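A.B. asks: Structure below; questions to follow.
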Amino acid sequence: MASPPTTEPPTTLWKNRDFLKLWSGESLSLVGSQVTVLAMPIVAYLWLHASVAEMGVLGALARLPMVLFFVVGVWVDRMRRRPVLIWSDVIRALMLATVPLLFVMDMLTLWWLYVVVLVMGVFGVLFEIAYRSYLPVLVSPEHLGDGNSKLQLSDSISKAVGPSLAGVLIGIRSAPLVILVDAISYVLSALCLISIRKREDPPAPDEGGSMIAAIRAGFGWVMSHPVVRPLAIASAVYSFFDIGILQTLYIPYVIDGAGVPAGWVGGVLAVGGVGAIAGAWLSVRLMKGAGPGPTMFWSTVIGNSALILVPLAGGPVWLAIAMLAFSQLLVGLCTQVFVVNNITVLQSATPRELMGRVIATIWAMGLVPAPLGALVAGFLGQSVGMRPVVLVAAIIGAVVPMIVLALSPIPRMRELPQAPATA
């Protein structure tokens, strides 16, 4: 059956019904996921009496699927994105629903929780790559930045609202039953995706190459592109030193090194959430005003420089709290500005047939170094002390990405790059 006739493309995303369906479903799912972020460890620790070591296994299994990024990128390029998104939501909803069901039946075990978080992680990676690759199908190039901004705004708000909602719900009902909220959110997300009417073009014909060759093609394209390559390298450095080392030691350092009372740590982190919401709102305005390149470069300079305030925080408690809160505000704001512009540049520059692999490569380079950095943080923090490790990590993780971007064409890039006609 032929597609219904169309007149003119939507002039704003508020008139793009298919995007609004994607955005609504993803927003509901993000809030539900933040509920599970708090509820799942409580189920393991308080209800199933997991030890500290077993809690570590639970966290590791949740992150283990990150190694699948490269493989998933190839799969996504060989399939239509919308069915992938729908089935990822459905399977995650079913897996989460088993937790309250088995709890009510008094059959819930820690081993089953391991299976749940592992499956959730696998389909979470699959959804993330397909979802970033699907946005250019629904949104015209001139609206990509606005679309990414709205989606990142939902992510920022969910991180502020979700844990609070989880706390209230857990106070009313037991944590295993609260997880049902997340399962329902995935069902609603799947229904929103099912209702999208725009037809998606079939994937490019499979050339019959091996998985390794397909992965190499995506990685090779990233490393050969004059704009995408420095973004990938800067993300990898930031991931290792700042996400891996600095964030691992952040809370113990803030409490023991900077002398901030534990009760104030949550407030300090909450300021970062406020900055993230503001950054998601400002991102497209800055992109249109200054251009995507200068916006990414200066958000990196300002946000990374703010990280150096962390090892410098000290003195009177009020001063340490003020420095850390100001750092969180700038980092939260600049991170969202950078992420929205970064994703938009990737989606604009990448050929459609390589979209999944390129996004998977960038995500892998931006996430995989973090666990390695966390291991280094634990070893060095124990052997030489937290303050010197935090100081060195903050400086290297801040300065090196600035240098990488400064030596690239990015600071002078006023317009979005265009994808070549063929890969």
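By order of appearance in the structure tokens: chains A, B, ..., then residues from 1 within every chain, and ligands from 1 in the order shown.
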May I have the residues within 9 Å of stretch 217-222 of chain A as a ChimeraX atom specification, using only C-alpha atoms and disregarding those fewer than 5 positions away in the same chain?
C.D. replies: /A:70,73-74,212,227-229,232,350,354-362,423
A.B. asks: Which residues of stretch 106-222 of chain A sit at most 12 Å from stretch 283-304 of chain A, using only C-alpha atoms? Give each one's shortest atom pair and distance in Å (one decimal place), in chain and ascending residue order, as CSV.
C.D. replies:
```
residue,atom,partner,partner_atom,distance
A:Glu142,CA,A:Lys288,CA,10.4
A:His143,CA,A:Val284,CA,9.7
A:Leu144,CA,A:Val284,CA,9.5
A:Gly145,CA,A:Val284,CA,5.9
A:Asp146,CA,A:Val284,CA,6.0
A:Gly147,CA,A:Val284,CA,9.3
A:Asn148,CA,A:Val284,CA,8.7
A:Ser149,CA,A:Ser283,CA,6.5
A:Lys150,CA,A:Val284,CA,9.5
A:Leu151,CA,A:Ser283,CA,11.7
A:Gln152,CA,A:Ser283,CA,9.7
A:Leu153,CA,A:Ser283,CA,9.9
```
A.B. asks: Would you save the residues from that selection as an mmCIF file, in the first residue's frame, using N, CA, C and O atoms?
C.D. replies:
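The resulting file, result.cif, is shown below:
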```cif
data_model
loop_
_atom_site.group_PDB
_atom_site.id
_atom_site.type_symbol
_atom_site.label_atom_id
_atom_site.label_comp_id
_atom_site.auth_asym_id
_atom_site.auth_seq_id
_atom_site.Cartn_x
_atom_site.Cartn_y
_atom_site.Cartn_z
ATOM 1 N N GLU A 142 18.146 19.915 9.004
ATOM 2 C CA GLU A 142 18.159 21.206 9.694
ATOM 3 C C GLU A 142 17.531 21.145 11.086
ATOM 4 O O GLU A 142 17.683 22.068 11.887
ATOM 5 N N HIS A 143 16.811 20.039 11.404
ATOM 6 C CA HIS A 143 16.182 19.898 12.709
ATOM 7 C C HIS A 143 16.891 18.875 13.600
ATOM 8 O O HIS A 143 16.414 18.598 14.712
ATOM 9 N N LEU A 144 18.007 18.310 13.122
ATOM 10 C CA LEU A 144 18.706 17.296 13.915
ATOM 11 C C LEU A 144 19.172 17.858 15.260
ATOM 12 O O LEU A 144 19.032 17.211 16.298
ATOM 13 N N GLY A 145 19.753 19.051 15.240
ATOM 14 C CA GLY A 145 20.237 19.633 16.484
ATOM 15 C C GLY A 145 19.119 19.828 17.486
ATOM 16 O O GLY A 145 19.265 19.518 18.676
ATOM 17 N N ASP A 146 17.984 20.331 17.022
ATOM 18 C CA ASP A 146 16.838 20.542 17.901
ATOM 19 C C ASP A 146 16.335 19.214 18.459
ATOM 20 O O ASP A 146 15.977 19.108 19.640
ATOM 21 N N GLY A 147 16.311 18.177 17.611
ATOM 22 C CA GLY A 147 15.869 16.863 18.060
ATOM 23 C C GLY A 147 16.783 16.297 19.129
ATOM 24 O O GLY A 147 16.320 15.795 20.167
ATOM 25 N N ASN A 148 18.086 16.380 18.894
ATOM 26 C CA ASN A 148 19.034 15.883 19.893
ATOM 27 C C ASN A 148 18.937 16.675 21.188
ATOM 28 O O ASN A 148 19.072 16.127 22.288
ATOM 29 N N SER A 149 18.715 17.989 21.074
ATOM 30 C CA SER A 149 18.582 18.827 22.262
ATOM 31 C C SER A 149 17.384 18.399 23.100
ATOM 32 O O SER A 149 17.482 18.289 24.335
ATOM 33 N N LYS A 150 16.258 18.143 22.467
ATOM 34 C CA LYS A 150 15.059 17.734 23.196
ATOM 35 C C LYS A 150 15.264 16.374 23.865
ATOM 36 O O LYS A 150 14.846 16.151 25.014
ATOM 37 N N LEU A 151 15.904 15.459 23.152
ATOM 38 C CA LEU A 151 16.151 14.142 23.732
ATOM 39 C C LEU A 151 17.120 14.217 24.905
ATOM 40 O O LEU A 151 16.936 13.542 25.926
ATOM 41 N N GLN A 152 18.160 15.055 24.798
ATOM 42 C CA GLN A 152 19.100 15.214 25.910
ATOM 43 C C GLN A 152 18.440 15.940 27.076
ATOM 44 O O GLN A 152 18.759 15.666 28.238
ATOM 45 N N LEU A 153 17.524 16.854 26.799
ATOM 46 C CA LEU A 153 16.803 17.533 27.873
ATOM 47 C C LEU A 153 15.986 16.512 28.665
ATOM 48 O O LEU A 153 15.960 16.558 29.905
#
```
A.B. asks: If DSSP is run on the backbone, what residues of stretch 145-292 of chain A are helix (DSSP H, G or I)? A reply as number ranges by chain would be ideal.
C.D. replies: A: 145-172, 175-194, 211-224, 228-257, 262-290, 292
A.B. asks: Could you work out how far atom CA of A:Glu415 lies from atom CA of A:Val337, giving the answer in Å with one decimal?
C.D. replies: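 Between atom CA of A:Val337 and atom CA of A:Glu415 the gap is 16.1 Å.
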A.B. asks: Using only C-alpha atoms, which residues sit within 8 Å of A:Val271 once same-chain residues fewer than 5 positions away are excluded, as a ChimeraX atom specification?
C.D. replies: /A:325-326,328-329
A.B. asks: In Å, how far is it from atom CA of A:Gly397 to atom CA of A:Val237?
C.D. replies: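 Calculated distance between atom CA of A:Gly397 and atom CA of A:Val237 is 6.2 Å.
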A.B. asks: In terms of the shortest atom-to-atom distance over only C-alpha atoms, which of A:Ala62, A:Ala44, A:Val90, A:Leu307 is closest to A:Leu108?
C.D. replies: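 So, comparing all the options, the nearest one is A:Ala44.
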A.B. asks: Atom CA of A:Met323 to atom CA of A:Ile233: how many Å, to one decimal?
C.D. replies: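 Between these atoms lies a distance of 28.8 Å.
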A.B. asks: Using only C-alpha atoms for the distances, tell me which of A:Ala370, A:Ile343, A:Met40, A:Ala183 is nearest to A:Leu28.
C.D. replies: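 Using only C-alpha atoms, the shortest distance to A:Leu28 belongs to A:Ala183.
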